[in-house]
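Inspection log for the structure reproduced underneath, given as structure tokens.
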Amino acid sequence: MSDVFKVIDLVTGYQPAAALVAAGRLGVYDCLVDGPLSASAVSDAISADAGATRALLDALVGVELLTADGSRYALTSAARRLASDGDLRLVAEKEAYFARVWLSLEDSVRTGVPQLAPWATRLATDPEQARSFLEALVVLAETTGPDLTSLIPTGSRVADLGGGLGAYAAPLAAAGHTVTLVDLPPVAAWAASVLPASVSVTAVDLLSPGAASTVGTASYDVALLSHLLHDLTDDDGATVLRVAHEVLAPGGRVVVFELPGDPPGAFGPLFDLMMHVETPGRARRLSELVALVEQAGFSNVHVSAKHPLPHGVVVGTR
């Protein structure tokens with residue numbers, strides 16, 4: 001492929017994503033759940049223009065979300081998960097929400113200011129979207145997240161700091177650990193409503209004075225910070241890591257999971273750009289994560305060899 005066509009592919013990259021999301025919102029995946037249909041049958045079912053519906057279906061075949069046998073269209077296994085009750089629908093809507101702020105990426109690069117309101121503000125002003133976002137993160141953790149169980153000693157007392165809706169807390173509790181999930185009050189309330197009773201939930205702002213005493217000073221064997229530091233400035237990240245240090249018993253272990261901004265390839269740098277346009281934080285490189293954990297007072301800080309890029313797992317000792 002020539003360089004020109006590579007550029008054209010890049011500048012039209014929004015089109016498959018838009019087609020995927022539009023199909024979900026129109027009900028295309030839902031009406032094909034029970035079996036293949038013709039384009040006219042789909043357009044009738046979703047009350048849409050026949051010609052445009054056929055073009056949409058053909059585009060979805062082209063990106064391998066649908067298959068076509070003659071004049072009838074059918075779902076692939078991945079497309080079934082984009083139906084209204086599918087888990088990937090949450091991820092698709094999350095990305096559709098964030099896509100609009102990427103149109104102002106140049107402003108964030110020029111000024112260093114993110115396009116979205118702070119997370120605490122979004123929790124207060126748009127709780128429905130905030131919860132959907134957290135639910136999508138659970139799906140991503142379940143489908144693409146690292147297995148951290150090998151880093152958690154048997155029978156550990158685990159503080160899942162900024163644990164959201166429990167993507168890691170629930171499986172750790174199921175594995176026999178004593179788990180406390182810690183998050184902001186609105187998130188903690190949601191987590192308590194969906195997590196098993198074996199997971200304790202503590203509502204606290206980790207950036208507030210006295211957060212460590214609320215969580216429990218020197219009370220845990222492991223402090224887990226999963227997918228959290230990239231949302232924070234260096235100063236706030238250092239504050240949260242100090243909380244982790246304080247809640248650990250001597251000899252306890254901190255486990256930090258992030259998607260680092262390291263090259264090679266585009267994944268890490270694009271994730272870093274995502275943070276700059278959406279949050280006050282950034283996707284730090286592995287060396288920067290190690291330094292941040294060391295500065296919080298942890299020793300024997302190292303990158304887990306069991307979790308290669310794009311995952312970055314940093315472990316340290318209290």
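Chain identifiers are assigned as A, B, and so on, following the order in which chains appear in the structure tokens; residues are numbered from 1 within each chain, and ligands are numbered from 1 in order of appearance.
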Counting only C-alpha atoms, what are the residues of range 175-258 of chain A within 9 Å of range 135-154 of chain A, and for each of them which pair of atoms is the nearest and at what distance in Å, to one decimal? Sort the table by chain and rising number, as CSV.
```
residue,atom,partner,partner_atom,distance
A:Ala175,CA,A:Thr149,CA,8.2
A:Gly176,CA,A:Thr154,CA,7.6
A:His177,CA,A:Thr154,CA,7.0
A:Asp221,CA,A:Pro153,CA,8.4
A:Val222,CA,A:Ile152,CA,7.1
A:Arg253,CA,A:Ile152,CA,8.4
A:Val255,CA,A:Leu151,CA,7.7
A:Phe257,CA,A:Pro146,CA,8.4
```
Go ahead and save the picked residues with all heavy atoms, as an mmCIF file, in the first residue's frame.
```cif
data_model
loop_
_atom_site.group_PDB
_atom_site.id
_atom_site.type_symbol
_atom_site.label_atom_id
_atom_site.label_comp_id
_atom_site.auth_asym_id
_atom_site.auth_seq_id
_atom_site.Cartn_x
_atom_site.Cartn_y
_atom_site.Cartn_z
ATOM 1 N N ALA A 175 -11.214 -15.524 44.695
ATOM 2 C CA ALA A 175 -10.012 -16.348 44.830
ATOM 3 C C ALA A 175 -9.602 -16.540 46.284
ATOM 4 O O ALA A 175 -8.580 -17.178 46.563
ATOM 5 C CB ALA A 175 -8.865 -15.721 44.051
ATOM 6 N N GLY A 176 -10.365 -15.984 47.220
ATOM 7 C CA GLY A 176 -10.106 -16.220 48.630
ATOM 8 C C GLY A 176 -9.436 -15.098 49.381
ATOM 9 O O GLY A 176 -9.132 -15.241 50.571
ATOM 10 N N HIS A 177 -9.211 -13.965 48.717
ATOM 11 C CA HIS A 177 -8.600 -12.829 49.398
ATOM 12 C C HIS A 177 -9.670 -12.018 50.136
ATOM 13 O O HIS A 177 -10.854 -12.044 49.775
ATOM 14 C CB HIS A 177 -7.871 -11.939 48.394
ATOM 15 C CG HIS A 177 -6.808 -12.658 47.613
ATOM 16 N ND1 HIS A 177 -5.661 -13.143 48.186
ATOM 17 C CD2 HIS A 177 -6.748 -12.995 46.291
ATOM 18 C CE1 HIS A 177 -4.921 -13.740 47.269
ATOM 19 N NE2 HIS A 177 -5.548 -13.663 46.116
ATOM 20 N N ASP A 221 -2.197 -6.269 53.266
ATOM 21 C CA ASP A 221 -1.012 -6.928 52.720
ATOM 22 C C ASP A 221 -0.706 -6.447 51.311
ATOM 23 O O ASP A 221 0.456 -6.475 50.879
ATOM 24 C CB ASP A 221 -1.219 -8.449 52.687
ATOM 25 C CG ASP A 221 -1.606 -9.011 54.035
ATOM 26 O OD1 ASP A 221 -0.847 -8.789 54.992
ATOM 27 O OD2 ASP A 221 -2.675 -9.651 54.128
ATOM 28 N N VAL A 222 -1.737 -6.047 50.590
ATOM 29 C CA VAL A 222 -1.585 -5.604 49.200
ATOM 30 C C VAL A 222 -2.437 -4.364 48.974
ATOM 31 O O VAL A 222 -3.602 -4.312 49.395
ATOM 32 C CB VAL A 222 -2.011 -6.707 48.198
ATOM 33 C CG1 VAL A 222 -1.941 -6.185 46.759
ATOM 34 C CG2 VAL A 222 -1.134 -7.942 48.350
ATOM 35 N N ARG A 253 2.761 -5.162 49.912
ATOM 36 C CA ARG A 253 3.103 -4.999 48.504
ATOM 37 C C ARG A 253 2.127 -4.068 47.802
ATOM 38 O O ARG A 253 0.901 -4.186 47.976
ATOM 39 C CB ARG A 253 3.074 -6.376 47.825
ATOM 40 C CG ARG A 253 3.373 -6.398 46.342
ATOM 41 C CD ARG A 253 3.310 -7.825 45.818
ATOM 42 N NE ARG A 253 4.260 -8.710 46.504
ATOM 43 C CZ ARG A 253 4.399 -10.011 46.227
ATOM 44 N NH1 ARG A 253 3.629 -10.563 45.313
ATOM 45 N NH2 ARG A 253 5.287 -10.741 46.882
ATOM 46 N N VAL A 255 0.730 -3.000 44.082
ATOM 47 C CA VAL A 255 0.642 -3.478 42.706
ATOM 48 C C VAL A 255 -0.053 -2.395 41.893
ATOM 49 O O VAL A 255 -1.214 -2.051 42.162
ATOM 50 C CB VAL A 255 -0.137 -4.805 42.603
ATOM 51 C CG1 VAL A 255 -0.276 -5.235 41.147
ATOM 52 C CG2 VAL A 255 0.556 -5.903 43.411
ATOM 53 N N PHE A 257 -1.249 -1.257 38.158
ATOM 54 C CA PHE A 257 -1.485 -1.644 36.765
ATOM 55 C C PHE A 257 -1.862 -0.413 35.963
ATOM 56 O O PHE A 257 -2.790 0.312 36.302
ATOM 57 C CB PHE A 257 -2.596 -2.693 36.660
ATOM 58 C CG PHE A 257 -3.177 -2.807 35.274
ATOM 59 C CD1 PHE A 257 -2.351 -2.998 34.170
ATOM 60 C CD2 PHE A 257 -4.544 -2.693 35.065
ATOM 61 C CE1 PHE A 257 -2.879 -3.076 32.894
ATOM 62 C CE2 PHE A 257 -5.082 -2.776 33.794
ATOM 63 C CZ PHE A 257 -4.250 -2.965 32.696
#
```
Backbone DSSP call of strand (DSSP E or B) for range 204-310 of chain A, listed as a PDB file with N, CA, C and O atoms, in the first residue's frame:
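Output saved as selection_4.pdb:
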```
ATOM      1  N   TYR A 220      -3.323  -3.703  55.560  1.00  0.00           N
ATOM      2  CA  TYR A 220      -3.439  -4.535  54.361  1.00  0.00           C
ATOM      3  C   TYR A 220      -2.098  -5.126  53.952  1.00  0.00           C
ATOM      4  O   TYR A 220      -1.039  -4.576  54.240  1.00  0.00           O
ATOM      5  N   ASP A 221      -2.197  -6.269  53.266  1.00  0.00           N
ATOM      6  CA  ASP A 221      -1.012  -6.928  52.720  1.00  0.00           C
ATOM      7  C   ASP A 221      -0.706  -6.447  51.311  1.00  0.00           C
ATOM      8  O   ASP A 221       0.456  -6.475  50.879  1.00  0.00           O
ATOM      9  N   VAL A 222      -1.737  -6.047  50.590  1.00  0.00           N
ATOM     10  CA  VAL A 222      -1.585  -5.604  49.200  1.00  0.00           C
ATOM     11  C   VAL A 222      -2.437  -4.364  48.974  1.00  0.00           C
ATOM     12  O   VAL A 222      -3.602  -4.312  49.395  1.00  0.00           O
ATOM     13  N   ALA A 223      -1.857  -3.361  48.334  1.00  0.00           N
ATOM     14  CA  ALA A 223      -2.611  -2.195  47.855  1.00  0.00           C
ATOM     15  C   ALA A 223      -2.596  -2.240  46.337  1.00  0.00           C
ATOM     16  O   ALA A 223      -1.522  -2.223  45.727  1.00  0.00           O
ATOM     17  N   LEU A 224      -3.763  -2.324  45.744  1.00  0.00           N
ATOM     18  CA  LEU A 224      -3.897  -2.409  44.290  1.00  0.00           C
ATOM     19  C   LEU A 224      -4.379  -1.084  43.736  1.00  0.00           C
ATOM     20  O   LEU A 224      -5.382  -0.524  44.206  1.00  0.00           O
ATOM     21  N   LEU A 225      -3.652  -0.562  42.752  1.00  0.00           N
ATOM     22  CA  LEU A 225      -4.060   0.637  42.027  1.00  0.00           C
ATOM     23  C   LEU A 225      -4.143   0.254  40.555  1.00  0.00           C
ATOM     24  O   LEU A 225      -3.136   0.205  39.859  1.00  0.00           O
ATOM     25  N   SER A 226      -5.332  -0.062  40.100  1.00  0.00           N
ATOM     26  CA  SER A 226      -5.490  -0.531  38.730  1.00  0.00           C
ATOM     27  C   SER A 226      -6.125   0.551  37.860  1.00  0.00           C
ATOM     28  O   SER A 226      -7.213   1.043  38.162  1.00  0.00           O
ATOM     29  N   LEU A 248      -0.655  -0.057  53.995  1.00  0.00           N
ATOM     30  CA  LEU A 248       0.017  -1.354  53.974  1.00  0.00           C
ATOM     31  C   LEU A 248       0.717  -1.631  55.299  1.00  0.00           C
ATOM     32  O   LEU A 248       1.318  -0.749  55.907  1.00  0.00           O
ATOM     33  N   ALA A 249       0.652  -2.876  55.714  1.00  0.00           N
ATOM     34  CA  ALA A 249       1.458  -3.326  56.840  1.00  0.00           C
ATOM     35  C   ALA A 249       2.912  -3.404  56.389  1.00  0.00           C
ATOM     36  O   ALA A 249       3.195  -3.519  55.191  1.00  0.00           O
ATOM     37  N   PRO A 250       3.871  -3.324  57.319  1.00  0.00           N
ATOM     38  CA  PRO A 250       5.277  -3.468  56.930  1.00  0.00           C
ATOM     39  C   PRO A 250       5.493  -4.755  56.137  1.00  0.00           C
ATOM     40  O   PRO A 250       5.000  -5.821  56.508  1.00  0.00           O
ATOM     41  N   GLY A 251       6.223  -4.620  55.034  1.00  0.00           N
ATOM     42  CA  GLY A 251       6.443  -5.758  54.149  1.00  0.00           C
ATOM     43  C   GLY A 251       5.338  -5.975  53.136  1.00  0.00           C
ATOM     44  O   GLY A 251       5.430  -6.875  52.292  1.00  0.00           O
ATOM     45  N   GLY A 252       4.284  -5.151  53.214  1.00  0.00           N
ATOM     46  CA  GLY A 252       3.187  -5.271  52.263  1.00  0.00           C
ATOM     47  C   GLY A 252       3.600  -4.855  50.862  1.00  0.00           C
ATOM     48  O   GLY A 252       4.650  -4.252  50.651  1.00  0.00           O
ATOM     49  N   ARG A 253       2.761  -5.162  49.912  1.00  0.00           N
ATOM     50  CA  ARG A 253       3.103  -4.999  48.504  1.00  0.00           C
ATOM     51  C   ARG A 253       2.127  -4.068  47.802  1.00  0.00           C
ATOM     52  O   ARG A 253       0.901  -4.186  47.976  1.00  0.00           O
ATOM     53  N   VAL A 254       2.649  -3.134  47.013  1.00  0.00           N
ATOM     54  CA  VAL A 254       1.811  -2.332  46.142  1.00  0.00           C
ATOM     55  C   VAL A 254       1.887  -2.908  44.738  1.00  0.00           C
ATOM     56  O   VAL A 254       2.955  -3.315  44.266  1.00  0.00           O
ATOM     57  N   VAL A 255       0.730  -3.000  44.082  1.00  0.00           N
ATOM     58  CA  VAL A 255       0.642  -3.478  42.706  1.00  0.00           C
ATOM     59  C   VAL A 255      -0.053  -2.395  41.893  1.00  0.00           C
ATOM     60  O   VAL A 255      -1.214  -2.051  42.162  1.00  0.00           O
ATOM     61  N   VAL A 256       0.659  -1.842  40.938  1.00  0.00           N
ATOM     62  CA  VAL A 256       0.140  -0.760  40.093  1.00  0.00           C
ATOM     63  C   VAL A 256      -0.015  -1.283  38.670  1.00  0.00           C
ATOM     64  O   VAL A 256       0.963  -1.727  38.055  1.00  0.00           O
ATOM     65  N   PHE A 257      -1.249  -1.257  38.158  1.00  0.00           N
ATOM     66  CA  PHE A 257      -1.485  -1.644  36.765  1.00  0.00           C
ATOM     67  C   PHE A 257      -1.862  -0.413  35.963  1.00  0.00           C
ATOM     68  O   PHE A 257      -2.790   0.312  36.302  1.00  0.00           O
ATOM     69  N   GLU A 258      -1.108  -0.195  34.874  1.00  0.00           N
ATOM     70  CA  GLU A 258      -1.391   0.917  33.961  1.00  0.00           C
ATOM     71  C   GLU A 258      -1.183   0.446  32.517  1.00  0.00           C
ATOM     72  O   GLU A 258      -0.560  -0.595  32.268  1.00  0.00           O
ATOM     73  N   SER A 299      10.207   0.193  48.200  1.00  0.00           N
ATOM     74  CA  SER A 299      11.506  -0.375  47.838  1.00  0.00           C
ATOM     75  C   SER A 299      11.306  -1.574  46.912  1.00  0.00           C
ATOM     76  O   SER A 299      10.174  -2.038  46.720  1.00  0.00           O
ATOM     77  N   ASN A 300      12.413  -2.046  46.359  1.00  0.00           N
ATOM     78  CA  ASN A 300      12.374  -3.203  45.442  1.00  0.00           C
ATOM     79  C   ASN A 300      11.334  -3.011  44.334  1.00  0.00           C
ATOM     80  O   ASN A 300      10.606  -3.946  43.974  1.00  0.00           O
ATOM     81  N   VAL A 301      11.249  -1.810  43.827  1.00  0.00           N
ATOM     82  CA  VAL A 301      10.250  -1.500  42.794  1.00  0.00           C
ATOM     83  C   VAL A 301      10.727  -2.057  41.460  1.00  0.00           C
ATOM     84  O   VAL A 301      11.858  -1.820  41.037  1.00  0.00           O
ATOM     85  N   HIS A 302       9.842  -2.791  40.783  1.00  0.00           N
ATOM     86  CA  HIS A 302      10.220  -3.397  39.509  1.00  0.00           C
ATOM     87  C   HIS A 302       8.987  -3.600  38.646  1.00  0.00           C
ATOM     88  O   HIS A 302       7.850  -3.594  39.136  1.00  0.00           O
ATOM     89  N   VAL A 303       9.233  -3.788  37.363  1.00  0.00           N
ATOM     90  CA  VAL A 303       8.172  -4.069  36.394  1.00  0.00           C
ATOM     91  C   VAL A 303       7.988  -5.578  36.314  1.00  0.00           C
ATOM     92  O   VAL A 303       8.960  -6.326  36.159  1.00  0.00           O
TER      93      VAL A 303
END
```
With a distance cut-off of 10 Å and only C-alpha atoms, select the neighbouring residues of Val109 in chain A, excluding the residue or stretch itself and same-chain residues fewer than 6 positions from it, and output the selection as number ranges by chain.
-> A: 273, 276-277
Identify which of the residues A:Arg81, A:Ser198, A:Leu228, A:Arg242 lies closest to Ala212 in chain A, counting only C-alpha atoms when measuring atom-to-atom distances.
->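 Smallest distance to Ala212 in chain A is found for A:Arg242.
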Hey, what's within 12 Å of Arg100 in chain A if we count only C-alpha atoms and toss same-chain stuff fewer than 3 positions away? As a PyMOL selection string, please?
-> chain A and resi 14+18+93-97+103-105+115-116+274+277-278
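Minimum atom-to-atom distances from A:Ala124, A:Val91, A:Ala23, A:Ala48 to Leu75 in chain A were compared using only C-alpha atoms, and the lowest value belongs to A:Ala23.
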Hey, which of A:Ala130, A:Ala92, A:Ala39, A:Val199 ends up closest to Pro171 in chain A? Count only C-alpha atoms.
->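 Among the listed residues, the smallest separation from Pro171 in chain A belongs to A:Val199.
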Would you mind listing what lies within 12 Å of Val201 in chain A as a PyMOL selection string, with only C-alpha atoms counted and same-chain residues fewer than 3 positions away left out?
-> chain A and resi 158-166+169-170+178-198+204+214-215
Kindly give the distance, in Å, that separates CA of Pro264 in chain A and CA of Val113 in chain A, rounded to a single decimal.
->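 If I compute the distance from CA of Pro264 in chain A to CA of Val113 in chain A, I get 25.9 Å.
Taking CA of Pro118 in chain A and CA of Pro280 in chain A as endpoints, the distance between them is 7.9 Å.
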